[in-house]
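Colleague: Once you've had a glance at the structure underneath, I'll fire off some questions.
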Amino acid sequence: MLARRTGAIATFVLAMVMAFSSVSCTFVQAQELANPVLETEGDAARRSASRGTCKSADVIVYGATPSGIAAAIQAARLKKTVILLEPTQHIGGMMAGGLSRTDAAPHRGVYGGIVTEFFDKATTTYQLTDPIRIYFEAKWAEQTFGTMLNASKVTVIRGQLISSVKLKNRAIQSLTTTSGRSFCGTSFIDASYEGDLMQRSGAKTIVGRESQAQYGEEDAGVVKLRLPPVGSRTNPTELVLDPYIVPGDPQSGLLPGLSPIGQQPIGSADKSVMAFNYRLCVTNTPGNKRPFTKPADYDPMRYEAHARFIAALNAQGQPISENYFVGADLTVKNKLDVNSNAYFSTDVWNIGYDYAVGNEAKRQEIRKSVRSFIQGLMWFAVSDPRVPQATRDYTAQYGYCADEYTDNDNFPYQLYVRQARRLVGQYVLTENDLKNKPNFLDSIGVGYAPLDQHGMIRTVQDGHIAEDNRYPFSVAPYQIPYRALLPNRSDVTNLLVSVAVSASHVAYTSIRMEPTYMVMGQAAGAAAALAPDGDVSKVSIAKLRSTLLKAGQVLKWDKSIRLKS
């Protein structure tokens, strides 16, 4: 019998597209993708008339993230009928939503299977020579994912936001969306970033950080607040920044983006979730550069903390670099992938919990606010006199990529939800597992990335801006047990989770990489196809592992083929 961990838990593109080959795949919604079958008026009428009936497949996957796509493809390759439901009008999640510098892994032999298939396509398309830095365009990612789904005959239905779930004897019978449509299956997979299917199915979940005591994790829970540090980790310069709208006057209120929470007990559990942002595509290529412009709701006060940070650096004789706002993360075709930096940048702190537990109206409000903030930040970068002239001039050389996200004002579709809800399932993967690397008998894949935690709390202490965050640190590749994808059987029996998996907050800061999500998605797809009567706890581990090995999945990292970056 496999060991089982339990514990009490404390309470976060339609891009440019092209037609491809004529292999059959049904895409219900009149949107272009890889060789879609478009609905006619008669089709729409028949669909409307059939509302209240249940569209059936062997496997229902919720969320056309890269993980959901890998799950759907793998299940279909095992001769199962598959419906892939996507709440938005675009597939591909973050990999088609701006994260074009996808973390491949600085070692050979970490990823295989469908992950490698996708990376090989990028390598061929862009004639890449680096085996571990495999980059691509967002629009290409959506198109390519569409082609792969098409070839596997997966039915993709977009615009299907989950509304409710019907269960019988702890098994999901159907999923109903806000469109009024219902979908029935034998096995279900939640591949969404938010974990909405698992939550509505009655699976135990958590939002936020566990305490150090919960799983005996050294880096768990609340950390000691510190002033914003710059420079080296071993000898950082801590900047003293006034947090009040009127400097020195607490009665004037805190600057936008700051929480009044202050220092909480160190090592305790809390509801904090990592900061969110959008990953921008920018370029300085003439003819493909759309200049940064002033948003209609631009408010310079939203960037007052940025301005004070810049002033404090100037006072230290450490002015910000010319490329501070756009970075230097070149991908392909002279396009930059703009992520946050460690300081005051595109990350928006203190919003993750509200997003994770919020309804769709609340989430849409947060998405709109983050988009507005980032668009305003780029305008601040090119126009505000408090930004050094050299930085303003450099940033103004760039603009949004005009050939990306063409139906969304060249702005990414997908909010970077670094974490939201997490499953509390049959095994909780922890920091100790990632460090100690036990040999799991039910390993279904390998993960690898530093434990990279983005900002948790930005607040005030002793009259200064202070932050709760920790530096990232590295671990070697580690195994992922099948049980981390499974809710407890007492909750739901025919559901697998491939993104918001059963992991502690600390472990999730590593496992949250898109290729690792795809690894878990491929495993979930295979398990769903193999589950007797949909009961995912009764899958033969030997059969699952042999199926994954045959599909090219890596179940244990072989150090002998290590390749240093």
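Residues in the structure tokens are named by chain (A, B, ... in the order shown) and by number from 1 within that chain; ligands are numbered from 1 in the order shown.
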Would you kindly return, as a list in words, each protein, DNA or RNA residue with an atom no farther than 6 Å from any atom of Gln426 in chain A, considering only C-alpha atoms and excluding same-chain residues fewer than 4 positions away?
Modeller: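 Close residues of Gln426 in chain A: Arg483, Leu486, Pro487 and Asn488 of chain A.
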Colleague: What lies within 9 Å of Pro229 in chain A using only C-alpha atoms, ignoring chain neighbours under 5 positions off, as a PDB file with all heavy atoms, in the first residue's frame?
Modeller:
ATOM      1  N   PRO A 236      22.689  43.231   1.301  1.00  0.00           N
ATOM      2  CA  PRO A 236      21.768  44.110   0.571  1.00  0.00           C
ATOM      3  C   PRO A 236      21.691  45.499   1.183  1.00  0.00           C
ATOM      4  O   PRO A 236      21.971  45.694   2.373  1.00  0.00           O
ATOM      5  CB  PRO A 236      20.428  43.380   0.715  1.00  0.00           C
ATOM      6  CG  PRO A 236      20.538  42.672   2.025  1.00  0.00           C
ATOM      7  CD  PRO A 236      21.986  42.229   2.119  1.00  0.00           C
ATOM      8  N   THR A 237      21.316  46.444   0.345  1.00  0.00           N
ATOM      9  CA  THR A 237      20.981  47.783   0.813  1.00  0.00           C
ATOM     10  C   THR A 237      19.474  47.841   1.012  1.00  0.00           C
ATOM     11  O   THR A 237      18.713  47.526   0.096  1.00  0.00           O
ATOM     12  CB  THR A 237      21.406  48.846  -0.213  1.00  0.00           C
ATOM     13  OG1 THR A 237      22.821  48.782  -0.394  1.00  0.00           O
ATOM     14  CG2 THR A 237      21.004  50.238   0.254  1.00  0.00           C
ATOM     15  N   GLU A 238      19.041  48.183   2.211  1.00  0.00           N
ATOM     16  CA  GLU A 238      17.615  48.269   2.494  1.00  0.00           C
ATOM     17  C   GLU A 238      17.165  49.712   2.363  1.00  0.00           C
ATOM     18  O   GLU A 238      17.758  50.624   2.957  1.00  0.00           O
ATOM     19  CB  GLU A 238      17.311  47.721   3.887  1.00  0.00           C
ATOM     20  CG  GLU A 238      17.563  46.215   3.989  1.00  0.00           C
ATOM     21  CD  GLU A 238      17.076  45.628   5.295  1.00  0.00           C
ATOM     22  OE1 GLU A 238      17.036  46.366   6.307  1.00  0.00           O
ATOM     23  OE2 GLU A 238      16.706  44.443   5.320  1.00  0.00           O
ATOM     24  N   LEU A 239      16.126  49.919   1.571  1.00  0.00           N
ATOM     25  CA  LEU A 239      15.668  51.272   1.272  1.00  0.00           C
ATOM     26  C   LEU A 239      14.559  51.697   2.233  1.00  0.00           C
ATOM     27  O   LEU A 239      13.598  50.941   2.467  1.00  0.00           O
ATOM     28  CB  LEU A 239      15.156  51.337  -0.163  1.00  0.00           C
ATOM     29  CG  LEU A 239      16.179  51.005  -1.257  1.00  0.00           C
ATOM     30  CD1 LEU A 239      15.530  51.126  -2.627  1.00  0.00           C
ATOM     31  CD2 LEU A 239      17.404  51.912  -1.159  1.00  0.00           C
ATOM     32  N   ALA A 342      12.338  42.157  -9.042  1.00  0.00           N
ATOM     33  CA  ALA A 342      12.272  41.912  -7.595  1.00  0.00           C
ATOM     34  C   ALA A 342      11.839  43.131  -6.793  1.00  0.00           C
ATOM     35  O   ALA A 342      11.691  43.037  -5.573  1.00  0.00           O
ATOM     36  CB  ALA A 342      13.640  41.422  -7.107  1.00  0.00           C
ATOM     37  N   TYR A 343      11.603  44.241  -7.463  1.00  0.00           N
ATOM     38  CA  TYR A 343      11.374  45.480  -6.726  1.00  0.00           C
ATOM     39  C   TYR A 343       9.953  46.009  -6.994  1.00  0.00           C
ATOM     40  O   TYR A 343       8.986  45.314  -6.777  1.00  0.00           O
ATOM     41  CB  TYR A 343      12.473  46.487  -7.091  1.00  0.00           C
ATOM     42  CG  TYR A 343      13.845  45.876  -7.009  1.00  0.00           C
ATOM     43  CD1 TYR A 343      14.622  45.696  -8.153  1.00  0.00           C
ATOM     44  CD2 TYR A 343      14.346  45.423  -5.792  1.00  0.00           C
ATOM     45  CE1 TYR A 343      15.886  45.100  -8.068  1.00  0.00           C
ATOM     46  CE2 TYR A 343      15.603  44.821  -5.709  1.00  0.00           C
ATOM     47  CZ  TYR A 343      16.358  44.664  -6.845  1.00  0.00           C
ATOM     48  OH  TYR A 343      17.593  44.074  -6.764  1.00  0.00           O
TER      49      TYR A 343
END
Colleague: Which residues in range 241-411 of chain A does DSSP call helix (DSSP H, G or I)? List them as a compact mmCIF listing (two decimals) with C-alpha atoms, in the first residue's frame.
Modeller:
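result32.txt was written with the following content:
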# COMPACT_ATOMS: atom_id res chain seq x y z
CA PRO A 300 0.08 58.95 -11.09
CA MET A 301 -0.61 58.24 -7.40
CA ARG A 302 -0.72 54.51 -8.24
CA TYR A 303 3.01 54.79 -9.03
CA GLU A 304 4.05 57.00 -6.14
CA ALA A 305 5.81 54.08 -4.42
CA HIS A 306 7.73 53.44 -7.65
CA ALA A 307 8.77 57.10 -7.76
CA ARG A 308 9.94 57.02 -4.14
CA PHE A 309 11.87 53.81 -4.82
CA ILE A 310 13.62 55.49 -7.77
CA ALA A 311 14.41 58.56 -5.65
CA ALA A 312 15.82 56.41 -2.84
CA LEU A 313 18.08 54.58 -5.28
CA ASN A 314 19.27 57.88 -6.71
CA ALA A 315 20.11 59.02 -3.19
CA GLY A 352 -4.45 37.02 -4.62
CA TYR A 353 -6.77 35.84 -1.88
CA ASP A 354 -9.66 37.98 -3.10
CA TYR A 355 -9.12 36.63 -6.61
CA ALA A 356 -8.88 33.01 -5.50
CA VAL A 357 -12.12 33.00 -3.50
CA GLU A 360 -16.33 35.83 -11.66
CA ALA A 361 -17.42 39.45 -11.27
CA LYS A 362 -14.78 40.00 -8.59
CA ARG A 363 -12.11 38.27 -10.65
CA GLN A 364 -12.95 40.33 -13.69
CA GLU A 365 -12.67 43.47 -11.60
CA ILE A 366 -9.19 42.37 -10.47
CA ARG A 367 -8.10 41.48 -14.01
CA LYS A 368 -9.22 44.89 -15.21
CA SER A 369 -7.42 46.63 -12.36
CA VAL A 370 -4.15 44.76 -12.95
CA ARG A 371 -4.31 45.48 -16.67
CA SER A 372 -4.95 49.16 -16.00
CA PHE A 373 -2.10 49.27 -13.49
CA ILE A 374 0.42 47.76 -15.91
CA GLN A 375 -0.65 49.91 -18.85
CA GLY A 376 -0.34 52.94 -16.58
CA LEU A 377 3.07 51.78 -15.38
CA MET A 378 4.41 51.75 -18.91
CA TRP A 379 3.08 55.27 -19.43
CA PHE A 380 4.69 56.32 -16.15
CA ALA A 381 7.97 54.83 -17.43
CA VAL A 382 8.00 56.93 -20.61
CA SER A 383 6.46 60.16 -19.33
CA GLN A 389 15.63 60.59 -18.78
CA ALA A 390 17.81 57.77 -20.04
CA THR A 391 15.27 55.20 -18.79
CA ARG A 392 12.35 57.11 -20.29
CA ASP A 393 14.10 57.33 -23.64
CA TYR A 394 15.05 53.65 -23.63
CA THR A 395 11.56 52.48 -22.67
CA ALA A 396 10.00 54.68 -25.34
Colleague: Find the residues near range 107-121 of chain A: any atom within 9 Å, counting only C-alpha atoms, skip ones fewer than 3 places away on the same chain, and give them as an NGL selection string.
Modeller: :A and (70 or 73-74 or 104 or 124-126 or 131-132 or 134-135 or 141 or 144-145 or 148 or 445-448 or 477 or 515-516 or 518-519 or 522 or 548-559 or 561-565)
Colleague: Can you work out which one of A:Ala476, A:Ile69, A:Ile465, A:Ile351 has the shortest atom-to-atom distance to Lys437 in chain A, counting only C-alpha atoms?
Modeller: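 Between A:Ala476, A:Ile69, A:Ile465, A:Ile351, the residue approaching Lys437 in chain A most closely is A:Ala476.
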Colleague: Taking only C-alpha atoms into account, which of A:Gly63, A:Gly93, A:Gly521, A:Gly98 comes nearest Asn277 in chain A?
Modeller: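 Closest to Asn277 in chain A, using only C-alpha atoms: A:Gly98.
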Colleague: Quick one: of A:Gly92, A:Gly97, A:Pro286, A:Gly231, who's nearest to Tyr416 in chain A, counting only C-alpha atoms?
Modeller: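 Selected residue with least distance to Tyr416 in chain A: A:Gly97.
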Colleague: Within 8 Å of Ser164 in chain A, counting only C-alpha atoms, which residues show up once you throw out same-chain ones fewer than 4 positions away? Write them as an NGL selection string, please.
Modeller: :A and (175-177 or 200)
Colleague: Those residues you just picked out, can you put them in a file as a PDB file, in the first residue's frame with all heavy atoms?
Modeller:
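Output file again18.pdb is given in full below:
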ATOM      1  N   LEU A 175     -21.096  18.565 -15.274  1.00  0.00           N
ATOM      2  CA  LEU A 175     -20.599  19.921 -15.040  1.00  0.00           C
ATOM      3  C   LEU A 175     -21.465  20.852 -15.869  1.00  0.00           C
ATOM      4  O   LEU A 175     -21.653  20.621 -17.067  1.00  0.00           O
ATOM      5  CB  LEU A 175     -19.133  19.985 -15.462  1.00  0.00           C
ATOM      6  CG  LEU A 175     -18.326  21.282 -15.396  1.00  0.00           C
ATOM      7  CD1 LEU A 175     -16.834  20.949 -15.497  1.00  0.00           C
ATOM      8  CD2 LEU A 175     -18.678  22.265 -16.497  1.00  0.00           C
ATOM      9  N   THR A 176     -21.993  21.894 -15.255  1.00  0.00           N
ATOM     10  CA  THR A 176     -22.817  22.871 -15.969  1.00  0.00           C
ATOM     11  C   THR A 176     -22.103  24.215 -15.979  1.00  0.00           C
ATOM     12  O   THR A 176     -21.488  24.608 -14.982  1.00  0.00           O
ATOM     13  CB  THR A 176     -24.198  23.007 -15.311  1.00  0.00           C
ATOM     14  OG1 THR A 176     -24.863  21.741 -15.354  1.00  0.00           O
ATOM     15  CG2 THR A 176     -25.058  24.038 -16.047  1.00  0.00           C
ATOM     16  N   THR A 177     -22.181  24.904 -17.117  1.00  0.00           N
ATOM     17  CA  THR A 177     -21.494  26.181 -17.268  1.00  0.00           C
ATOM     18  C   THR A 177     -22.488  27.329 -17.291  1.00  0.00           C
ATOM     19  O   THR A 177     -23.703  27.126 -17.367  1.00  0.00           O
ATOM     20  CB  THR A 177     -20.653  26.201 -18.555  1.00  0.00           C
ATOM     21  OG1 THR A 177     -21.530  26.181 -19.683  1.00  0.00           O
ATOM     22  CG2 THR A 177     -19.715  25.001 -18.616  1.00  0.00           C
ATOM     23  N   ARG A 200     -15.910  23.107  -6.482  1.00  0.00           N
ATOM     24  CA  ARG A 200     -17.345  22.859  -6.608  1.00  0.00           C
ATOM     25  C   ARG A 200     -17.695  21.378  -6.478  1.00  0.00           C
ATOM     26  O   ARG A 200     -18.860  21.047  -6.283  1.00  0.00           O
ATOM     27  CB  ARG A 200     -17.843  23.406  -7.951  1.00  0.00           C
ATOM     28  CG  ARG A 200     -17.979  24.930  -7.948  1.00  0.00           C
ATOM     29  CD  ARG A 200     -18.218  25.456  -9.351  1.00  0.00           C
ATOM     30  NE  ARG A 200     -18.573  26.868  -9.346  1.00  0.00           N
ATOM     31  CZ  ARG A 200     -17.709  27.868  -9.196  1.00  0.00           C
ATOM     32  NH1 ARG A 200     -16.424  27.591  -9.023  1.00  0.00           N
ATOM     33  NH2 ARG A 200     -18.113  29.121  -9.214  1.00  0.00           N
TER      34      ARG A 200
END
Colleague: Just list as a ChimeraX atom specification whatever in range 296-506 of chain A DSSP marks as strand (DSSP E or B).
Modeller: /A:330,335-338,348,399-401,416,422-423,429,443-447,451,457-461,464-468,473,478-481,495-497,503
